[in-house]
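Please read the structure below before turning to the comments.
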2 protein chains.
Amino acid sequence: MFSQSEENYIKAIYHLAVDSSVKGISTNAIAKKLATKASSVTDMIKKLSEKKVVVYKKYQGVTLTDFGKKTATNIIRKHRLWEVFLVEKLNFSWDEVHEVAEQLEHIKSPKLINELDAFLGFPKRDPHGDPIPDSEGNLQIIEKSLLAILNKGEEGICVGVDDTSSEFLQFLDKQEIALGKRIKVIEKEPFDGSFLIKIDDKELSISNKIANNLYIQK
Amino acid sequence: MFSQSEENYIKAIYHLAVDSSVKGISTNAIAKKLATKASSVTDMIKKLSEKKVVVYKKYQGVTLTDFGKKTATNIIRKHRLWEVFLVEKLNFSWDEVHEVAEQLEHIKSPKLINELDAFLGFPKRDPHGDPIPDSEGNLQIIEKSLLAILNKGEEGICVGVDDTSSEFLQFLDKQEIALGKRIKVIEKEPFDGSFLIKIDDKELSISNKIANNLYIQK
DNA sequence: AATAATTTTTAGACGTGACTAAAAATTATA
DNA sequence: TATAATTTTTAGTCACGTCTAAAAATTATT
């Protein structure tokens with residue numbers, strides 16, 4: 001069994017490893033992600049190393065063991081299932097779920113999470129489009145690309161977001177950009193990199209930054 | 001905001017106060033309830049006293065302030081709503097819910113709990129028949145009496161249990177005694193205090209101990 | 001290659017919540 | 001009422017998870 005604090009470290013290391021694809025995750029990177037100090041990270045890393053969750057060599061960062069990875073995906077599974085529950089059943093909007101899911105993901109009860117999964121109809125994605133690992137920890141990789149790489153005239157289905165901050169998600173709500181919607185690139189503006197796109201037969205302009213935070217499936 | 005530990009103490013003091021109706025709750029009683037040591041209780045009591053949750057005078061036990069009572073009923077509200085959720089939606093039996101609800105009751109999110117309440121249809125009782133406080137902390141007192149005080153020929157509706165241990169609840173399941181069922185006392189055996197009762201037109205004998213753990217409403 | 005800058009680790013401290021052992025206060029008993 | 005038994009508190013310690021400040025190791029720069 002792991003403490004909430006340990007679980008937060010495990011999750012942070014997992015996420016950093018996935019979207020950096022570097023062998024060793026640095027102490028500083030973890031500290032930054034968890035808004036804590038490097039010295040605290042060193043302490044925790046030692047403990048996780050003793051518990052066989054990570055492999056650690058001084059000054060060389062950490063790597064999750066298979067056990068550590070499985071632990072991480074299990075926490076992520078719980079987090080994402082709770083997010084689905086909050087949005088589908090309790091009328092939360094997608095920008096409100098994160099904080100609560102951060103708490104709920106630490107609840108210990110295998111029965112709870114498997115029943116919740118069934119109750120929700122075994123969802124494949126969370127409200128932000130991220131895949132939900134199965135109970136064995138397997139996570140299906142989803143083919144997705146940034147809207148920004150589409151060329152004029154190409155289109156795709158919106159399947160996820162990169163940035164999950166409230167500001168960004170609320171902006172998307174306001175523009176009526178949502179998961180599952182078909183987006184077509186009408187024009188790319190070379191000057192500022194902005195995009196003219198078409199959703200629901202309405203045209204709107206989005207900045208390059210937005211285009212780099214929206215995932216689509218061709 | 002209170003830590004999980006603080007919340008557990010507040011809840012324990014509340015429960016002890018309710019079903020003992022004594023002015024001051026003793027250090028030892030709290031220690032016993034929480035399976036901890038008296039010295040730990042003294043420490044925590046000092047902290048809760050500083051936080052205006054309890055009134056405390058050395059060697060004279062503690063009493064919850066109005067603020068403390070409100071905090072307690074709010075925790076109990078969360079606990080019982082989660083229990084309803086687990087039984088009604090996630091197929092938990094009434095003897096499995098306690099442990100998980102003990103964790104879920106500490107989740108901090110007013111929106112979560114109010115939406116959950118609505119999602120469940122504003123239930124009035126938890127799976128053990130205990131009343132669920134409203135969002136203002138008001139708890140409706142339910143008229144109930146022990147099955148044991150019924151006389152021969154009298155009957156009532158089963159509305160709750162006193163003991164909530166798995167053993168007892170599973171025993172009730174096995175005998176098909178459940179909340180809402182009509183129970184009639186056919187015979188009281190003076191020798192051992194056991195009861196011959198009728199449920200669903202079936203007669204069965206229950207011990208005096210069982211009769212003293214079942215609440216009915218006349 | 002030597003020095004500077006950065007990263008990482010160590011050392012020592014602190015708050016929380018727990019414990020043991022011993023002292024103090026209260027309550028019960030002879 | 002004096003003594004015994006019990007309850008409660010205090011004093012000191014400990015694990016967890018955090019921090020600051022300083023030392024050590026690594027990486028970058030000239």
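Convention: chains lettered A, B, ... in structure tokens order; per-chain residue numbering from 1; ligands numbered from 1 as shown.
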Between chain B and chain D, at 8 Å or less, what are the per-residue closest atom pairs and their distances in Å? Count only C-alpha atoms (C1' of nucleotides), order by chain and rising residue number, and return it as a tab-separated table.
```
residue	atom	partner	partner_atom	distance
B:Thr27	CA	D:DT8	C1'	7.3
B:Asn28	CA	D:DT7	C1'	7.5
B:Ala38	CA	D:DT8	C1'	7.6
B:Ser39	CA	D:DT9	C1'	7.3
B:Thr42	CA	D:DT9	C1'	7.3
B:Lys58	CA	D:DT8	C1'	8.0
B:Tyr59	CA	D:DT8	C1'	5.9
```
What are the nearest atom pairs, with distances in Å to one decimal, for all residues of chain C that come at most 8 Å from chain B, using only C-alpha atoms (C1' of nucleotides), set out by chain and rising residue number as CSV?
```
residue,atom,partner,partner_atom,distance
C:DG17,C1',B:Ser40,CA,7.7
C:DA18,C1',B:Ser40,CA,6.6
C:DC19,C1',B:Lys37,CA,7.9
C:DA25,C1',B:Tyr59,CA,7.5
C:DT26,C1',B:Tyr59,CA,7.7
```
Would you save the residues from that selection as an mmCIF file, in the first residue's frame, using all heavy atoms?
```cif
data_model
loop_
_atom_site.group_PDB
_atom_site.id
_atom_site.type_symbol
_atom_site.label_atom_id
_atom_site.label_comp_id
_atom_site.auth_asym_id
_atom_site.auth_seq_id
_atom_site.Cartn_x
_atom_site.Cartn_y
_atom_site.Cartn_z
ATOM 1 P P DG C 17 -2.848 16.284 12.286
ATOM 2 O OP1 DG C 17 -3.829 16.064 11.206
ATOM 3 O OP2 DG C 17 -3.126 17.231 13.375
ATOM 4 O "O5'" DG C 17 -2.490 14.861 12.906
ATOM 5 C "C5'" DG C 17 -2.114 13.810 12.037
ATOM 6 C "C4'" DG C 17 -1.554 12.675 12.858
ATOM 7 O "O4'" DG C 17 -0.231 13.014 13.323
ATOM 8 C "C3'" DG C 17 -2.364 12.318 14.122
ATOM 9 O "O3'" DG C 17 -2.575 10.914 14.141
ATOM 10 C "C2'" DG C 17 -1.470 12.777 15.250
ATOM 11 C "C1'" DG C 17 -0.102 12.541 14.635
ATOM 12 N N9 DG C 17 1.005 13.231 15.303
ATOM 13 C C8 DG C 17 0.987 14.452 15.917
ATOM 14 N N7 DG C 17 2.129 14.789 16.452
ATOM 15 C C5 DG C 17 2.959 13.714 16.171
ATOM 16 C C6 DG C 17 4.316 13.489 16.494
ATOM 17 O O6 DG C 17 5.089 14.224 17.118
ATOM 18 N N1 DG C 17 4.779 12.272 16.018
ATOM 19 C C2 DG C 17 4.011 11.366 15.305
ATOM 20 N N2 DG C 17 4.616 10.240 14.916
ATOM 21 N N3 DG C 17 2.741 11.568 14.988
ATOM 22 C C4 DG C 17 2.276 12.747 15.453
ATOM 23 P P DA C 18 -3.596 10.252 15.145
ATOM 24 O OP1 DA C 18 -4.516 9.452 14.334
ATOM 25 O OP2 DA C 18 -4.107 11.272 16.071
ATOM 26 O "O5'" DA C 18 -2.664 9.289 16.023
ATOM 27 C "C5'" DA C 18 -2.119 8.143 15.428
ATOM 28 C "C4'" DA C 18 -0.749 7.833 16.018
ATOM 29 O "O4'" DA C 18 0.065 9.020 16.067
ATOM 30 C "C3'" DA C 18 -0.716 7.374 17.469
ATOM 31 O "O3'" DA C 18 -1.039 6.007 17.566
ATOM 32 C "C2'" DA C 18 0.749 7.585 17.808
ATOM 33 C "C1'" DA C 18 1.166 8.735 16.905
ATOM 34 N N9 DA C 18 1.508 9.940 17.644
ATOM 35 C C8 DA C 18 0.735 11.024 17.899
ATOM 36 N N7 DA C 18 1.336 11.974 18.581
ATOM 37 C C5 DA C 18 2.602 11.458 18.798
ATOM 38 C C6 DA C 18 3.738 11.962 19.463
ATOM 39 N N6 DA C 18 3.761 13.159 20.048
ATOM 40 N N1 DA C 18 4.845 11.179 19.488
ATOM 41 C C2 DA C 18 4.805 9.988 18.898
ATOM 42 N N3 DA C 18 3.804 9.410 18.232
ATOM 43 C C4 DA C 18 2.720 10.206 18.219
ATOM 44 P P DC C 19 -1.336 5.348 18.955
ATOM 45 O OP1 DC C 19 -1.909 4.020 18.665
ATOM 46 O OP2 DC C 19 -2.073 6.325 19.764
ATOM 47 O "O5'" DC C 19 0.109 5.143 19.638
ATOM 48 C "C5'" DC C 19 1.088 4.333 18.997
ATOM 49 C "C4'" DC C 19 2.388 4.432 19.775
ATOM 50 O "O4'" DC C 19 2.862 5.800 19.707
ATOM 51 C "C3'" DC C 19 2.228 4.147 21.261
ATOM 52 O "O3'" DC C 19 2.584 2.799 21.521
ATOM 53 C "C2'" DC C 19 3.202 5.091 21.935
ATOM 54 C "C1'" DC C 19 3.540 6.132 20.897
ATOM 55 N N1 DC C 19 3.119 7.518 21.293
ATOM 56 C C2 DC C 19 4.080 8.356 21.875
ATOM 57 O O2 DC C 19 5.230 7.920 22.040
ATOM 58 N N3 DC C 19 3.731 9.611 22.253
ATOM 59 C C4 DC C 19 2.475 10.034 22.050
ATOM 60 N N4 DC C 19 2.181 11.273 22.433
ATOM 61 C C5 DC C 19 1.485 9.192 21.459
ATOM 62 C C6 DC C 19 1.841 7.945 21.098
ATOM 63 P P DA C 25 -1.764 18.200 39.889
ATOM 64 O OP1 DA C 25 -1.806 19.592 39.414
ATOM 65 O OP2 DA C 25 -1.285 17.872 41.254
ATOM 66 O "O5'" DA C 25 -3.206 17.564 39.720
ATOM 67 C "C5'" DA C 25 -3.809 17.594 38.433
ATOM 68 C "C4'" DA C 25 -4.959 16.621 38.421
ATOM 69 O "O4'" DA C 25 -4.463 15.270 38.526
ATOM 70 C "C3'" DA C 25 -5.954 16.807 39.561
ATOM 71 O "O3'" DA C 25 -7.161 17.249 38.995
ATOM 72 C "C2'" DA C 25 -6.060 15.418 40.214
ATOM 73 C "C1'" DA C 25 -5.444 14.489 39.185
ATOM 74 N N9 DA C 25 -4.734 13.328 39.696
ATOM 75 C C8 DA C 25 -3.631 13.314 40.493
ATOM 76 N N7 DA C 25 -3.178 12.112 40.781
ATOM 77 C C5 DA C 25 -4.054 11.282 40.127
ATOM 78 C C6 DA C 25 -4.130 9.866 40.029
ATOM 79 N N6 DA C 25 -3.260 9.043 40.616
ATOM 80 N N1 DA C 25 -5.128 9.343 39.290
ATOM 81 C C2 DA C 25 -5.988 10.180 38.694
ATOM 82 N N3 DA C 25 -6.022 11.516 38.707
ATOM 83 C C4 DA C 25 -5.019 12.005 39.450
ATOM 84 P P DT C 26 -8.498 17.461 39.869
ATOM 85 O OP1 DT C 26 -9.360 18.416 39.137
ATOM 86 O OP2 DT C 26 -8.107 17.696 41.272
ATOM 87 O "O5'" DT C 26 -9.171 16.025 39.768
ATOM 88 C "C5'" DT C 26 -9.509 15.507 38.480
ATOM 89 C "C4'" DT C 26 -10.057 14.105 38.635
ATOM 90 O "O4'" DT C 26 -9.050 13.233 39.167
ATOM 91 C "C3'" DT C 26 -11.265 13.992 39.567
ATOM 92 O "O3'" DT C 26 -12.309 13.409 38.827
ATOM 93 C "C2'" DT C 26 -10.767 13.087 40.704
ATOM 94 C "C1'" DT C 26 -9.668 12.298 40.015
ATOM 95 N N1 DT C 26 -8.594 11.747 40.887
ATOM 96 C C2 DT C 26 -8.385 10.392 40.923
ATOM 97 O O2 DT C 26 -9.033 9.591 40.280
ATOM 98 N N3 DT C 26 -7.352 9.977 41.738
ATOM 99 C C4 DT C 26 -6.532 10.777 42.517
ATOM 100 O O4 DT C 26 -5.643 10.292 43.205
ATOM 101 C C5 DT C 26 -6.819 12.195 42.448
ATOM 102 C C7 DT C 26 -5.995 13.147 43.245
ATOM 103 C C6 DT C 26 -7.822 12.610 41.646
#
```
task = Can you check which residues of chain A have any atom within 8 Å of chain B? Use only C-alpha atoms and format it as a list in words.
result =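 On the chain A side, the interface is Leu86, Lys89, Leu90, Asn91, Val100, Gln103, Leu104, Ile107, Lys108, Ser109, Leu112, Glu115, Leu116 and Phe119 of chain A.
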task = Find the residue from B:Ser93, B:Asn213, B:Thr73, B:Ser135 that sits nearest to Ile149 (chain B); use only C-alpha atoms when measuring.
result = B:Asn213
message = Residues near Asn208 (chain A), anyone? I mean within 8 Å using only C-alpha atoms (C1' of nucleotides), not counting same-chain ones fewer than 4 positions away, as number ranges by chain.
response = A: 148, 192-195, 212
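Relative to CA of Asp126 (chain B), CA of Trp82 (chain B) is found at 8.7 Å.
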query = Can you list, as a PyMOL selection string, every protein, DNA or RNA residue that comes within 8 Å of Ile197 (chain A) when you count only C-alpha atoms (C1' of nucleotides), leaving out same-chain residues fewer than 4 positions away?
reply = chain A and resi 183-187+203-206
Output for the residues just chosen: C-alpha atoms as a PDB file, in the first residue's frame:
```pdb
ATOM      1  CA  ILE A 183     -13.165  20.214 -37.406  1.00  0.00           C
ATOM      2  CA  LYS A 184     -12.087  21.299 -40.884  1.00  0.00           C
ATOM      3  CA  VAL A 185      -9.194  23.624 -41.613  1.00  0.00           C
ATOM      4  CA  ILE A 186     -10.392  26.303 -44.015  1.00  0.00           C
ATOM      5  CA  GLU A 187      -7.336  28.511 -43.948  1.00  0.00           C
ATOM      6  CA  GLU A 203     -16.393  29.288 -39.241  1.00  0.00           C
ATOM      7  CA  LEU A 204     -14.129  30.650 -36.540  1.00  0.00           C
ATOM      8  CA  SER A 205     -10.536  31.696 -36.128  1.00  0.00           C
ATOM      9  CA  ILE A 206      -8.295  30.119 -33.511  1.00  0.00           C
TER      10      ILE A 206
END
```
ask   = If you run DSSP on the backbone, which residues of region 27-173 of chain B are alpha helix (DSSP H), as a PyMOL selection string?
value = chain B and resi 27-33+38-50+66-88+97-104+110-119+166-173
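Between CA of Gly180 (chain B) and CA of Asp130 (chain B) the interatomic distance comes to 12.8 Å.
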ask   = Expressed in Å to a single decimal, how great is the separation between CA of Leu48 (chain A) and CA of Asn8 (chain A)?
value =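 Separation between CA of Leu48 (chain A) and CA of Asn8 (chain A): 11.6 Å.
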task = Name the residues of chain A that fall into strand (DSSP E) according to DSSP on the backbone, using the chain letters and numbers of this document, as a ChimeraX atom specification.
result = /A:54-56,62-64,145-146,155-161,182-188,195-199,202-206,214-217
